[in-house]
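Undergrad: You'll find model.tsv just under this line, and it carries TSV, C-alpha atoms.
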chain	number	residue	atom	x	y	z
A	1	MET	CA	87.95	223.91	275.63
A	2	LEU	CA	86.44	221.53	278.13
A	3	ILE	CA	89.55	219.64	279.08
A	4	GLY	CA	90.53	217.96	282.33
A	5	LYS	CA	88.69	218.72	285.55
A	6	ARG	CA	86.51	221.34	283.87
A	7	VAL	CA	84.53	218.66	281.99
A	8	GLY	CA	83.00	217.35	285.22
A	9	ALA	CA	82.34	220.83	286.56
A	10	MET	CA	80.68	221.88	283.32
A	11	LEU	CA	78.44	218.80	283.20
A	12	GLY	CA	77.32	219.72	286.71
A	13	ILE	CA	75.67	222.91	285.47
A	14	PHE	CA	72.81	220.86	284.03
A	15	LYS	CA	71.72	219.99	287.57
A	16	ASP	CA	72.33	223.46	288.97
A	17	GLN	CA	69.10	225.47	289.08
A	18	ARG	CA	71.05	228.72	288.63
A	19	PHE	CA	71.80	227.84	285.00
A	20	GLU	CA	69.88	227.14	281.84
A	21	VAL	CA	71.95	225.68	279.01
A	22	VAL	CA	70.69	226.88	275.64
A	23	VAL	CA	71.53	224.98	272.47
A	24	HIS	CA	70.80	225.12	268.76
A	25	GLU	CA	71.07	222.40	266.12
A	26	GLU	CA	74.02	224.18	264.52
A	27	LEU	CA	75.81	224.30	267.88
A	28	LEU	CA	75.23	220.59	268.49
A	29	GLY	CA	76.58	219.72	265.06
A	30	GLU	CA	79.67	221.88	265.48
A	31	PHE	CA	80.42	220.56	268.97
A	32	GLU	CA	80.14	216.95	267.86
A	33	ASP	CA	82.25	217.53	264.74
A	34	VAL	CA	85.05	219.25	266.65
A	35	ALA	CA	85.00	216.96	269.70
A	36	ARG	CA	85.25	213.83	267.55
A	37	ARG	CA	88.32	215.02	265.63
A	38	THR	CA	91.38	212.81	266.01
A	39	LYS	CA	93.46	215.52	267.70
A	40	PHE	CA	90.91	215.83	270.52
A	41	ARG	CA	90.45	212.11	271.26
A	42	LYS	CA	92.94	212.24	274.12
A	43	TYR	CA	90.76	214.90	275.78
A	44	PHE	CA	87.37	213.64	274.60
A	45	PRO	CA	87.08	209.86	274.47
A	46	GLU	CA	84.01	208.68	272.54
A	47	GLN	CA	82.04	208.01	275.74
A	48	VAL	CA	82.68	211.56	276.99
A	49	VAL	CA	81.48	213.07	273.70
A	50	ASP	CA	78.42	210.81	273.81
A	51	ALA	CA	77.67	211.85	277.41
A	52	ILE	CA	78.00	215.56	276.63
A	53	MET	CA	75.86	215.27	273.50
A	54	LEU	CA	73.17	213.40	275.44
A	55	ARG	CA	73.17	216.05	278.19
A	56	LEU	CA	72.93	218.85	275.64
A	57	GLN	CA	70.07	217.15	273.79
A	58	GLU	CA	68.09	216.00	276.83
A	59	ASP	CA	68.75	218.72	279.38
A	60	GLY	CA	69.55	221.74	277.23
A	61	THR	CA	66.89	224.20	276.12
A	62	MET	CA	66.68	223.90	272.35
A	63	ILE	CA	66.18	227.11	270.39
A	64	ARG	CA	64.52	226.05	267.17
A	65	ASN	CA	64.00	229.50	265.66
A	66	SER	CA	66.07	230.58	262.73
A	67	LEU	CA	68.67	233.04	263.98
A	68	GLN	CA	69.08	236.63	262.81
A	69	ILE	CA	72.80	236.45	262.07
A	70	GLU	CA	74.77	239.67	261.77
A	71	ALA	CA	78.44	240.01	260.78
A	72	ILE	CA	80.10	240.87	264.10
A	73	SER	CA	83.08	238.65	264.90
A	74	ARG	CA	86.40	238.19	263.11
A	75	ASP	CA	85.15	234.78	261.94
A	76	PRO	CA	81.74	234.87	260.22
A	77	ASP	CA	81.23	231.17	261.05
A	78	ASP	CA	81.01	232.16	264.74
A	79	ASP	CA	78.35	234.82	264.32
A	80	TYR	CA	75.53	232.32	264.77
A	81	LEU	CA	76.67	231.88	268.40
A	82	LEU	CA	76.31	235.62	269.01
A	83	ALA	CA	72.85	235.49	267.41
A	84	LEU	CA	71.95	232.51	269.61
A	85	ALA	CA	73.11	234.37	272.74
A	86	LYS	CA	71.03	237.39	271.74
A	87	THR	CA	67.93	235.30	270.93
A	88	ALA	CA	68.22	233.44	274.24
A	89	LYS	CA	68.96	236.64	276.19
A	90	ALA	CA	71.96	234.77	277.59
A	91	HIS	CA	74.03	236.17	280.43
A	92	VAL	CA	77.08	234.14	279.39
A	93	LEU	CA	78.36	232.71	276.12
A	94	LEU	CA	80.76	229.93	277.00
A	95	THR	CA	83.42	229.35	274.33
A	96	GLY	CA	87.05	228.57	273.75
A	97	ASP	CA	87.07	230.41	270.43
A	98	ARG	CA	89.51	233.34	270.45
A	99	ASP	CA	87.54	235.17	267.75
A	100	LEU	CA	84.65	235.37	270.21
A	101	LEU	CA	86.63	235.73	273.43
A	102	VAL	CA	88.33	238.87	272.12
A	103	LEU	CA	84.91	240.58	272.09
A	104	GLU	CA	84.49	239.99	275.86
A	105	LYS	CA	80.84	241.05	275.62
A	106	HIS	CA	78.02	241.09	273.11
A	107	GLY	CA	75.09	243.19	274.24
A	108	ARG	CA	74.34	241.98	277.75
A	109	THR	CA	76.12	238.65	277.21
A	110	ARG	CA	79.56	238.07	278.77
A	111	ILE	CA	81.80	235.94	276.58
A	112	MET	CA	83.94	233.60	278.69
A	113	ASN	CA	86.08	230.49	278.42
A	114	ALA	CA	85.47	227.46	280.64
A	115	LYS	CA	88.23	228.36	283.11
A	116	ALA	CA	86.83	231.86	283.69
A	117	PHE	CA	83.29	230.50	283.95
A	118	VAL	CA	84.24	227.91	286.55
A	119	LYS	CA	86.11	230.53	288.55
A	120	ALA	CA	83.27	233.09	288.36
A	121	TYR	CA	80.30	230.80	288.92
A	122	LEU	CA	81.31	227.38	290.24
A	123	GLU	CA	84.06	227.84	292.83
Will you turn the file into structure tokens for me?
TA:
Amino acid sequence: MLIGKRVGAMLGIFKDQRFEVVVHEELLGEFEDVARRTKFRKYFPEQVVDAIMLRLQEDGTMIRNSLQIEAISRDPDDDYLLALAKTAKAHVLLTGDRDLLVLEKHGRTRIMNAKAFVKAYLE
């Protein structure tokens, strides 16, 4: 979860030439749905959600292909993220989802939470 100081650090990756942020329409929809839930409003005020969505849409690399989704994770609803990582040949899949984090790796993609990502790449 992008809570606290990590939000600013994570938004900074859009300007960092070392990173390419890859998105998919399904990912954008899921992020917006979850971030706008009442229980997350104390962490994600409307303006923060709007700023993140704008960054993802304007500065992210949109994958428009349909994804070849395979049943891999404990939660089938998360498998599209693994397919997106594979399609994009991603080095890192950034998530707070325990069903994905437990895998640690998918092919060549490391699966990390925001705290581990910041520690590994941004400190």
Undergrad: Find the residues near Leu27 (chain A): any atom within 10 Å, counting only C-alpha atoms, skip ones fewer than 5 places away on the same chain, and give them as a list of chain:residue names.
TA: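 Counting only the stated atoms, we get A:Val22, A:Glu32, A:Asp33, A:Leu56, A:Asp78, A:Tyr80, A:Leu81, A:Leu84.
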Undergrad: One number please: CA of Thr38 (chain A) to CA of Ala51 (chain A), in Å, one decimal.
TA: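 Computing the Euclidean distance for CA of Thr38 (chain A) and CA of Ala51 (chain A) yields 17.9 Å.
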Undergrad: Could you tell me which of A:Ser66, A:Ser73, A:Thr109, A:Thr95 comes closest to Phe31 (chain A) if we count only C-alpha atoms?
TA: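 Closest to Phe31 (chain A), using only C-alpha atoms: A:Thr95.
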Undergrad: Env of Val102 (chain A): 12 Å cut, atoms = all atoms listed in the file, seq-sep filter 5 positions within chain, self excluded. Answer as a list in words.
TA: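 The residues that qualify are Ile72, Ser73, Arg74, Asp75, Thr95, Gly96, Asp97, Arg110, Ile111, Met112 and Asn113 of chain A.
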Undergrad: (83.6, 215.8, 270.4) in this file's frame - what residues fall within 12 Å of it? Use only C-alpha atoms and give the answer as an NGL selection string.
TA: :A and (1-3 or 7 or 27-54)
Undergrad: Please compute the CA of Gly60 (chain A)-CA of Glu104 (chain A) distance, one decimal, in Å.
TA: 23.6 Å
Undergrad: Rank A:Ile69, A:Arg64, A:Ala85, A:Val92 by their smallest atom-to-atom distance to Ala120 (chain A), using only C-alpha atoms, and report the top residue only.
TA: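 For Ala120 (chain A), the nearest of the given residues is A:Val92.
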Undergrad: Pick the closest to Leu82 (chain A) from A:His106, A:Leu94, A:Tyr121, A:Asn65: which is it, counting all atoms listed in the file?
TA: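 Of A:His106, A:Leu94, A:Tyr121, A:Asn65, the one nearest Leu82 (chain A), counting all atoms listed in the file, is A:His106.
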Undergrad: Figure out the distance between CA of Ala88 (chain A) and CA of His24 (chain A), please, to one decimal in Å.
TA: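 Separation between CA of His24 (chain A) and CA of Ala88 (chain A): 10.3 Å.
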Undergrad: Considering only C-alpha atoms, state which residue in the set A:Ala90, A:Glu26, A:Arg108, A:Glu123 is at the smallest distance from Asp77 (chain A).
TA: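 Checking each candidate against Asp77 (chain A), we get A:Glu26 as the closest.
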Undergrad: If I only want chain A, can you write it with C-alpha atoms, as a compact mmCIF listing (two decimals), in the first residue's frame?
TA:
# COMPACT_ATOMS: atom_id res chain seq x y z
CA MET A 1 0.00 0.00 0.00
CA LEU A 2 1.26 3.45 -0.83
CA ILE A 3 0.77 5.07 2.53
CA GLY A 4 2.68 7.87 4.23
CA LYS A 5 6.10 8.94 2.99
CA ARG A 6 6.16 6.21 0.34
CA VAL A 7 3.53 8.01 -1.77
CA GLY A 8 5.92 10.86 -2.55
CA ALA A 9 8.82 8.51 -3.20
CA MET A 10 6.72 6.37 -5.51
CA LEU A 11 5.46 9.36 -7.51
CA GLY A 12 9.10 10.31 -8.00
CA ILE A 13 9.75 7.20 -10.08
CA PHE A 14 7.92 8.78 -13.01
CA LYS A 15 10.73 11.32 -13.34
CA ASP A 16 13.51 8.81 -12.73
CA GLN A 17 14.99 7.58 -16.02
CA ARG A 18 15.87 4.23 -14.42
CA PHE A 19 12.19 3.25 -14.31
CA GLU A 20 9.36 2.72 -16.74
CA VAL A 21 5.94 2.41 -15.15
CA VAL A 22 3.74 0.02 -17.11
CA VAL A 23 -0.04 0.12 -16.75
CA HIS A 24 -3.10 -1.58 -18.18
CA GLU A 25 -6.73 -0.42 -18.22
CA GLU A 26 -7.68 -3.15 -15.76
CA LEU A 27 -4.93 -2.02 -13.38
CA LEU A 28 -6.08 1.61 -13.58
CA GLY A 29 -9.65 0.62 -12.84
CA GLU A 30 -8.68 -1.56 -9.89
CA PHE A 31 -6.37 1.07 -8.40
CA GLU A 32 -9.00 3.78 -8.62
CA ASP A 33 -11.73 1.53 -7.19
CA VAL A 34 -9.63 0.46 -4.21
CA ALA A 35 -8.05 3.87 -3.51
CA ARG A 36 -11.44 5.60 -3.46
CA ARG A 37 -12.96 3.22 -0.89
CA THR A 38 -14.08 4.87 2.33
CA LYS A 39 -11.61 2.94 4.50
CA PHE A 40 -8.67 4.33 2.51
CA ARG A 41 -9.72 8.01 2.46
CA LYS A 42 -7.50 8.80 5.44
CA TYR A 43 -4.50 7.55 3.42
CA PHE A 44 -5.67 8.64 -0.03
CA PRO A 45 -7.53 11.94 -0.07
CA GLU A 46 -9.35 12.57 -3.35
CA GLN A 47 -6.62 14.92 -4.63
CA VAL A 48 -3.94 12.27 -4.02
CA VAL A 49 -5.93 9.62 -5.92
CA ASP A 50 -6.49 12.12 -8.73
CA ALA A 51 -2.76 12.96 -8.87
CA ILE A 52 -1.74 9.29 -8.96
CA MET A 53 -4.32 8.46 -11.63
CA LEU A 54 -3.15 11.39 -13.75
CA ARG A 55 0.51 10.31 -13.42
CA LEU A 56 -0.36 6.73 -14.34
CA GLN A 57 -2.39 7.82 -17.37
CA GLU A 58 -0.02 10.50 -18.65
CA ASP A 59 3.39 9.17 -17.71
CA GLY A 60 2.84 5.42 -17.55
CA THR A 61 3.40 3.16 -20.54
CA MET A 62 0.00 1.76 -21.44
CA ILE A 63 -0.13 -1.88 -22.53
CA ARG A 64 -3.21 -2.15 -24.70
CA ASN A 65 -2.82 -5.79 -25.74
CA SER A 66 -5.15 -8.38 -24.34
CA LEU A 67 -3.24 -10.37 -21.74
CA GLN A 68 -2.62 -14.12 -21.82
CA ILE A 69 -3.85 -14.86 -18.30
CA GLU A 70 -2.85 -18.13 -16.66
CA ALA A 71 -4.05 -19.43 -13.28
CA ILE A 72 -0.97 -18.93 -11.09
CA SER A 73 -1.72 -17.07 -7.85
CA ARG A 74 -3.95 -17.98 -4.92
CA ASP A 75 -6.41 -15.33 -6.12
CA PRO A 76 -7.41 -15.67 -9.79
CA ASP A 77 -8.36 -11.96 -9.86
CA ASP A 78 -4.65 -11.13 -9.45
CA ASP A 79 -3.40 -13.25 -12.33
CA TYR A 80 -3.81 -10.43 -14.82
CA LEU A 81 -1.02 -8.57 -12.99
CA LEU A 82 1.34 -11.52 -13.49
CA ALA A 83 0.34 -11.60 -17.17
CA LEU A 84 0.98 -7.85 -17.43
CA ALA A 85 4.42 -8.24 -15.83
CA LYS A 86 5.25 -11.04 -18.27
CA THR A 87 3.99 -9.09 -21.30
CA ALA A 88 5.95 -6.01 -20.27
CA LYS A 89 9.06 -8.04 -19.40
CA ALA A 90 8.99 -6.22 -16.06
CA HIS A 91 11.85 -6.48 -13.60
CA VAL A 92 9.57 -5.63 -10.66
CA LEU A 93 5.88 -6.06 -9.92
CA LEU A 94 5.01 -3.57 -7.21
CA THR A 95 2.05 -4.68 -5.07
CA GLY A 96 0.69 -4.82 -1.56
CA ASP A 97 -1.34 -7.94 -2.31
CA ARG A 98 -0.27 -10.87 -0.13
CA ASP A 99 -1.49 -13.40 -2.70
CA LEU A 100 1.14 -12.03 -5.08
CA LEU A 101 3.85 -11.19 -2.55
CA VAL A 102 3.97 -14.79 -1.36
CA LEU A 103 5.20 -15.79 -4.84
CA GLU A 104 8.26 -13.50 -4.49
CA LYS A 105 9.05 -13.98 -8.18
CA HIS A 106 7.26 -14.73 -11.43
CA GLY A 107 9.63 -15.62 -14.23
CA ARG A 108 12.22 -12.84 -14.21
CA THR A 109 9.93 -10.44 -12.34
CA ARG A 110 10.56 -9.74 -8.63
CA ILE A 111 7.34 -9.20 -6.70
CA MET A 112 7.79 -6.52 -4.04
CA ASN A 113 5.79 -4.24 -1.77
CA ALA A 114 6.38 -0.47 -1.73
CA LYS A 115 8.58 -0.56 1.38
CA ALA A 116 10.93 -3.17 -0.13
CA PHE A 117 10.99 -1.31 -3.46
CA VAL A 118 11.90 1.99 -1.85
CA LYS A 119 14.63 0.31 0.18
CA ALA A 120 16.05 -1.59 -2.82
CA TYR A 121 15.87 1.13 -5.46
CA LEU A 122 15.26 4.58 -3.98
CA GLU A 123 17.37 4.92 -0.82
